[in-house]
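**Student:** What follows is a structure written as structure tokens; I'll ask about it next.
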Amino acid sequence: MKAVIPAAGFGTRFLPATKAQPKEMLPVYDKPTIQYVVEEAVASGIDDILIITGRNKRAIEDHFDRTLELESALKNSGKDRYLKQIVDISDLANIYFIRQKEQRGLGDAILCAKNFVGGEAFAVLLGDTITIGSPPCTKQLMDIYDDRKGTVIAVEKVAPEKIPHYGIIKGRKTDSTYEIDDLVEKPSPEEAPSDLGIIGRYVLTPQIFDHLECVSPGFGNEIQLTDALKLLRDEQAIFAYEFKGKRYDIGTKLDWLKSSLEIALGNDEIKDELTEYLKNLL
Ligand code: UTP
């Protein structure tokens with residue numbers, strides 16, 4: 001299976017940090033966000049990855065490229081550990097890039113992947129969302145896809161006050177998944193058909209492109225993936241899965257802080273000192 005990582009958005013919720021750098025390059029502990037996302041795809045067994053970029057996003061391409069001058073400087077100064085780290089990044093997977101010319105929404109970004117994907121099901125991982133899970137969230141969805149042979153969307157229970165920030169599903173529980181009856185983009189808590197929010201990991205069947213091509217702009221005047229999924233739902237069953245693990249939306253300042261702290265607390269190099277610091281902070 002191939003993977004598509006949309007990373008062309010403006011990142012307005014994280015301004016001014018994202019004025020001149022992609023939000024997908026914001027570091028979480030010691031790596032840019034999008035590296036965690038690519039590593040999740042690779043750990044799920046995916047080798048071919050298309051990243052959707054746009055203007056102001058060149059740093060993403062540079063990050064996954066070789067840096068020959070830096071490599072030779074590290075080699076000459078005997079910094080082998082860092083050398084290995086940066087060479088490994090450029091060897092992670094076959095990474096391709098395409099530019100979304102105008103930021104017309106997530107659905108439009110995914111449509112840019114049509115030729116790359118061909119006629120097969122494919123995984124989508126939002127470039128500003130980190131998940132932690134074993135197996136990785138994308139692998140969990142791929143396993144469900146193998147079983148159900150239909151589109152699968154990762155969801156998570158969200159607090160009522162957070163509902164207006166999510167696409168929310170209405171579904172019927174069947175074993176470990178929900179069969180989806182409806183999807184609503186960013187409803188009010190009163191209008192929401194459930195508390196199951198879409199978190200930014202999908203396995204989509206290629207028929208989604210037919211609907212992305214003709215769907216009109218929806219919420220926020222953007223081409224919404226949720227609206228195309230609603231149309232797809234009329235012709236084939238689609239499923240939601242409450243994935244096992246944690247998820248951080250790096251597009252929000254609080255989740256970015258939480259993810260950096262939690263990942264750092266799992267790192268032996270600084271765990272003890274950071275714990276001590278946090279204990280004394282409040
Ligand atoms: P978001 O809606 O969270 O990203 O899209 P955004 O538009 O950058 O966020 P704000 O609201 O302005 O802060 C989720 C993912 O889809 C990508 C984003 O880069 C992000 O990784 N995206 C969004 C695109 O690739 N193209 C778009 O037109 C919109």
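Each chain of the structure tokens is named A, B, ... in the order shown, its residues numbered from 1; ligands are numbered from 1 in display order.
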Residues within 7 Å of ligand 1 (only C-alpha atoms and all ligand atoms), as a VMD selection string?

**Tutor:** chain A and resid 6 to 14 24 52 to 53 100 102 to 106 108 to 109 126 to 128 251

**Student:** Neighbouring residues of range 132-141 of chain A were defined as those with any atom within 12 Å, considering only C-alpha atoms; residues of the same chain fewer than 5 positions away were excluded. Please report them as a ChimeraX atom specification.

**Tutor:** /A:1-5,36-46,121-126,146-156,176-177,199-204,239-249,259,262-263,266

**Student:** Leaving out Leu111 in chain A and any residue of its chain fewer than 2 positions from it, which residues lie within 9 Å of it when counting only C-alpha atoms, given as a PyMOL selection string?

**Tutor:** chain A and resi 106-109+113-115+208-209+212-213

**Student:** I'd like to know which residues of range 12-97 of chain A are strand (DSSP E) (by DSSP, run on the backbone); could you write them as a VMD selection string?

**Tutor:** chain A and resid 27 to 28 31 to 32 48 to 53 94 to 97

**Student:** Keeping only C-alpha atoms, take the residues you just selected and write them out as a PDB file, in the first residue's frame.

**Tutor:**
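The resulting file, out_16.pdb, is reproduced below:
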ATOM      1  CA  PRO A  27      10.081  19.997  16.296  1.00  0.00           C
ATOM      2  CA  VAL A  28       8.552  17.630  18.810  1.00  0.00           C
ATOM      3  CA  LYS A  31      12.540  15.582  15.423  1.00  0.00           C
ATOM      4  CA  PRO A  32      10.247  17.527  13.102  1.00  0.00           C
ATOM      5  CA  ASP A  48       6.186   4.666  -1.219  1.00  0.00           C
ATOM      6  CA  ILE A  49       5.083   7.949   0.295  1.00  0.00           C
ATOM      7  CA  LEU A  50       3.775  11.086  -1.403  1.00  0.00           C
ATOM      8  CA  ILE A  51       3.964  14.312   0.585  1.00  0.00           C
ATOM      9  CA  ILE A  52       1.627  17.093  -0.564  1.00  0.00           C
ATOM     10  CA  THR A  53       3.442  20.381  -0.108  1.00  0.00           C
ATOM     11  CA  ASN A  94      10.837   6.352  -1.360  1.00  0.00           C
ATOM     12  CA  ILE A  95       9.490   9.832  -0.751  1.00  0.00           C
ATOM     13  CA  TYR A  96       7.861  11.845  -3.539  1.00  0.00           C
ATOM     14  CA  PHE A  97       6.523  15.397  -3.485  1.00  0.00           C
TER      15      PHE A  97
END

**Student:** Lys186 in chain A: which residues within 7 Å, counting only C-alpha atoms, same-chain residues fewer than 3 positions away excluded, as a PyMOL selection string?

**Tutor:** chain A and resi 163-168

**Student:** Taking 4 positions as the minimum chain separation for residues in the same chain, which residues sit within 12 Å of Arg66 in chain A when counting only C-alpha atoms? Answer as a ChimeraX atom specification.

**Tutor:** /A:61-62,70-72,83-92

**Student:** The selected residues should be written to file as a CSV table (one decimal), in the first residue's frame (atoms: all heavy atoms).

**Tutor:**
chain,number,residue,atom,x,y,z
A,61,GLU,N,11.0,19.1,2.0
A,61,GLU,CA,11.7,18.4,1.0
A,61,GLU,C,13.2,18.3,1.4
A,61,GLU,O,13.8,17.3,1.3
A,61,GLU,CB,11.6,19.1,-0.4
A,61,GLU,CG,10.2,19.1,-0.9
A,61,GLU,CD,10.1,19.7,-2.3
A,61,GLU,OE1,11.0,19.7,-3.1
A,61,GLU,OE2,9.0,20.3,-2.5
A,62,ASP,N,13.8,19.4,1.9
A,62,ASP,CA,15.2,19.4,2.3
A,62,ASP,C,15.4,18.4,3.4
A,62,ASP,O,16.4,17.8,3.4
A,62,ASP,CB,15.6,20.8,2.8
A,62,ASP,CG,15.7,21.8,1.6
A,62,ASP,OD1,15.7,21.4,0.4
A,62,ASP,OD2,15.6,23.0,1.9
A,70,LEU,N,26.9,18.9,5.1
A,70,LEU,CA,26.8,18.6,6.5
A,70,LEU,C,27.4,17.2,6.8
A,70,LEU,O,28.1,17.0,7.8
A,70,LEU,CB,25.3,18.7,6.9
A,70,LEU,CG,25.0,18.3,8.4
A,70,LEU,CD1,25.7,19.2,9.4
A,70,LEU,CD2,23.5,18.5,8.6
A,71,GLU,N,27.0,16.2,5.9
A,71,GLU,CA,27.5,14.9,6.1
A,71,GLU,C,29.1,14.9,6.2
A,71,GLU,O,29.7,14.2,7.1
A,71,GLU,CB,27.1,13.9,5.0
A,71,GLU,CG,25.6,13.6,5.1
A,71,GLU,CD,25.1,12.8,3.9
A,71,GLU,OE1,25.9,12.1,3.3
A,71,GLU,OE2,23.9,12.9,3.6
A,72,SER,N,29.7,15.6,5.3
A,72,SER,CA,31.2,15.5,5.3
A,72,SER,C,31.8,16.3,6.5
A,72,SER,O,32.8,15.8,7.0
A,72,SER,CB,31.8,15.9,3.9
A,72,SER,OG,31.8,17.3,3.8
A,83,LEU,N,25.9,11.8,12.2
A,83,LEU,CA,26.0,11.5,10.8
A,83,LEU,C,25.0,10.3,10.4
A,83,LEU,O,24.3,10.4,9.5
A,83,LEU,CB,27.5,11.0,10.5
A,83,LEU,CG,27.7,10.6,9.0
A,83,LEU,CD1,27.5,11.7,8.1
A,83,LEU,CD2,29.2,10.1,8.9
A,84,LYS,N,25.0,9.3,11.2
A,84,LYS,CA,24.1,8.2,11.0
A,84,LYS,C,22.7,8.6,11.0
A,84,LYS,O,21.9,8.3,10.1
A,84,LYS,CB,24.3,7.1,12.0
A,84,LYS,CG,23.5,5.9,11.7
A,84,LYS,CD,23.8,4.7,12.6
A,84,LYS,CE,22.8,3.6,12.5
A,84,LYS,NZ,21.7,3.7,11.7
A,85,GLN,N,22.4,9.5,12.0
A,85,GLN,CA,21.0,10.0,12.1
A,85,GLN,C,20.5,10.7,10.8
A,85,GLN,O,19.4,10.4,10.3
A,85,GLN,CB,20.9,11.0,13.3
A,85,GLN,CG,20.6,10.3,14.6
A,85,GLN,CD,20.5,11.3,15.7
A,85,GLN,OE1,20.8,12.5,15.5
A,85,GLN,NE2,20.0,10.9,16.9
A,86,ILE,N,21.4,11.6,10.3
A,86,ILE,CA,20.9,12.4,9.2
A,86,ILE,C,20.9,11.6,7.9
A,86,ILE,O,20.1,11.8,7.0
A,86,ILE,CB,21.6,13.7,9.0
A,86,ILE,CG1,23.1,13.6,8.7
A,86,ILE,CG2,21.4,14.6,10.2
A,86,ILE,CD1,23.6,14.8,8.0
A,87,VAL,N,21.8,10.6,7.8
A,87,VAL,CA,21.8,9.8,6.6
A,87,VAL,C,20.6,8.8,6.6
A,87,VAL,O,19.9,8.6,5.6
A,87,VAL,CB,23.1,9.0,6.4
A,87,VAL,CG1,23.1,7.9,5.3
A,87,VAL,CG2,24.3,9.9,6.2
A,88,ASP,N,20.3,8.3,7.8
A,88,ASP,CA,19.1,7.4,7.9
A,88,ASP,C,17.8,8.1,7.4
A,88,ASP,O,16.9,7.5,6.9
A,88,ASP,CB,19.0,7.0,9.3
A,88,ASP,CG,20.0,5.9,9.7
A,88,ASP,OD1,20.7,5.4,8.8
A,88,ASP,OD2,20.1,5.5,10.9
A,89,ILE,N,17.7,9.4,7.7
A,89,ILE,CA,16.5,10.1,7.4
A,89,ILE,C,16.3,10.1,5.9
A,89,ILE,O,15.1,9.8,5.4
A,89,ILE,CB,16.5,11.6,7.8
A,89,ILE,CG1,16.5,11.7,9.4
A,89,ILE,CG2,15.3,12.4,7.3
A,89,ILE,CD1,16.8,13.0,9.9
A,90,SER,N,17.3,10.3,5.1
A,90,SER,CA,17.2,10.3,3.6
A,90,SER,C,16.9,8.9,3.1
A,90,SER,O,16.5,8.7,1.9
A,90,SER,CB,18.3,11.0,3.0
A,90,SER,OG,19.6,10.4,3.4
A,91,ASP,N,17.2,7.9,3.9
A,91,ASP,CA,17.0,6.5,3.4
A,91,ASP,C,15.7,5.9,3.9
A,91,ASP,O,15.5,4.7,3.7
A,91,ASP,CB,18.2,5.6,4.0
A,91,ASP,CG,19.4,5.8,3.2
A,91,ASP,OD1,19.3,6.4,2.1
A,91,ASP,OD2,20.5,5.5,3.7
A,92,LEU,N,14.9,6.7,4.6
A,92,LEU,CA,13.7,6.1,5.3
A,92,LEU,C,12.8,5.3,4.3
A,92,LEU,O,12.2,4.3,4.7
A,92,LEU,CB,12.9,7.2,6.0
A,92,LEU,CG,13.2,7.6,7.4
A,92,LEU,CD1,12.5,8.8,7.8
A,92,LEU,CD2,12.9,6.4,8.3

**Student:** With a distance cut-off of 10 Å and only C-alpha atoms, select the neighbouring residues of Ile169 in chain A, excluding the residue or stretch itself and same-chain residues fewer than 5 positions from it, and output the selection as a ChimeraX atom specification.

**Tutor:** /A:153,155,178-185,192-198,226,239-240

**Student:** Go ahead and write the selection's residues with N, CA, C and O atoms as a short mmCIF file (atom, residue, chain, number, x, y, z; two decimals), in the first residue's frame.

**Tutor:**
data_model
loop_
_atom_site.label_atom_id
_atom_site.label_comp_id
_atom_site.auth_asym_id
_atom_site.auth_seq_id
_atom_site.Cartn_x
_atom_site.Cartn_y
_atom_site.Cartn_z
N ILE A 153 -11.53 4.61 8.78
CA ILE A 153 -11.15 5.92 9.33
C ILE A 153 -10.86 5.74 10.82
O ILE A 153 -11.67 5.16 11.53
N VAL A 155 -10.85 6.88 14.54
CA VAL A 155 -11.60 7.85 15.35
C VAL A 155 -11.20 7.71 16.81
O VAL A 155 -10.58 6.71 17.21
N TYR A 178 -17.01 0.44 13.61
CA TYR A 178 -18.34 1.02 13.42
C TYR A 178 -18.61 1.06 11.93
O TYR A 178 -17.71 1.45 11.16
N GLU A 179 -19.79 0.69 11.50
CA GLU A 179 -20.15 0.94 10.11
C GLU A 179 -20.78 2.33 10.06
O GLU A 179 -21.72 2.64 10.81
N ILE A 180 -20.24 3.17 9.20
CA ILE A 180 -20.61 4.59 9.25
C ILE A 180 -21.91 4.86 8.48
O ILE A 180 -22.05 4.45 7.33
N ASP A 181 -22.84 5.57 9.15
CA ASP A 181 -24.09 5.99 8.50
C ASP A 181 -24.00 7.42 8.01
O ASP A 181 -24.65 7.82 7.06
N ASP A 182 -23.21 8.24 8.73
CA ASP A 182 -23.15 9.66 8.34
C ASP A 182 -21.87 10.27 8.92
O ASP A 182 -21.28 9.73 9.88
N LEU A 183 -21.48 11.39 8.33
CA LEU A 183 -20.31 12.14 8.84
C LEU A 183 -20.68 13.62 8.80
O LEU A 183 -21.31 14.07 7.84
N VAL A 184 -20.28 14.35 9.83
CA VAL A 184 -20.56 15.79 9.87
C VAL A 184 -19.27 16.52 10.19
O VAL A 184 -18.56 16.17 11.14
N GLU A 185 -18.94 17.55 9.39
CA GLU A 185 -17.71 18.29 9.60
C GLU A 185 -17.93 19.38 10.64
O GLU A 185 -18.81 20.23 10.50
N ALA A 192 -24.00 17.23 17.00
CA ALA A 192 -23.11 16.11 16.70
C ALA A 192 -23.83 14.78 16.88
O ALA A 192 -24.52 14.57 17.88
N PRO A 193 -23.69 13.86 15.91
CA PRO A 193 -24.38 12.57 16.00
C PRO A 193 -23.71 11.59 16.98
O PRO A 193 -24.27 10.54 17.27
N SER A 194 -22.48 11.91 17.45
CA SER A 194 -21.79 11.06 18.43
C SER A 194 -20.62 11.87 18.98
O SER A 194 -20.47 13.06 18.67
N ASP A 195 -19.80 11.21 19.79
CA ASP A 195 -18.58 11.90 20.28
C ASP A 195 -17.33 11.28 19.63
O ASP A 195 -16.23 11.42 20.14
N LEU A 196 -17.51 10.60 18.50
CA LEU A 196 -16.37 9.95 17.83
C LEU A 196 -15.81 10.87 16.75
O LEU A 196 -16.44 11.10 15.71
N GLY A 197 -14.62 11.41 17.02
CA GLY A 197 -14.00 12.38 16.12
C GLY A 197 -12.95 11.73 15.23
O GLY A 197 -12.25 10.80 15.64
N ILE A 198 -12.86 12.23 14.00
CA ILE A 198 -11.90 11.73 13.01
C ILE A 198 -10.54 12.36 13.32
O ILE A 198 -10.43 13.57 13.44
N THR A 226 -14.41 15.00 4.30
CA THR A 226 -15.63 14.47 4.95
C THR A 226 -16.81 14.46 3.98
O THR A 226 -17.59 13.50 3.94
N PHE A 239 -15.98 2.33 7.21
CA PHE A 239 -15.86 1.89 8.60
C PHE A 239 -15.03 2.88 9.42
O PHE A 239 -14.16 3.57 8.88
N ALA A 240 -15.34 2.92 10.71
CA ALA A 240 -14.52 3.72 11.63
C ALA A 240 -13.94 2.76 12.66
O ALA A 240 -14.57 1.76 13.01
#

**Student:** What does the distance between CA of Arg81 in chain A and CA of Tyr29 in chain A come to in Å, to one decimal place?

**Tutor:** 17.5 Å

**Student:** Distance CA of Asn56 in chain A-CA of Ala20 in chain A, one decimal place?

**Tutor:**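 The value is 6.6 Å.
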
**Student:** Given only C-alpha atoms as the basis, pick out the residue of A:Glu190, A:Asp80, A:Lys101, A:Lys230 nearest to Gly54 in chain A.

**Tutor:**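 Ranking A:Glu190, A:Asp80, A:Lys101, A:Lys230 by distance to Gly54 in chain A, first place goes to A:Lys101.
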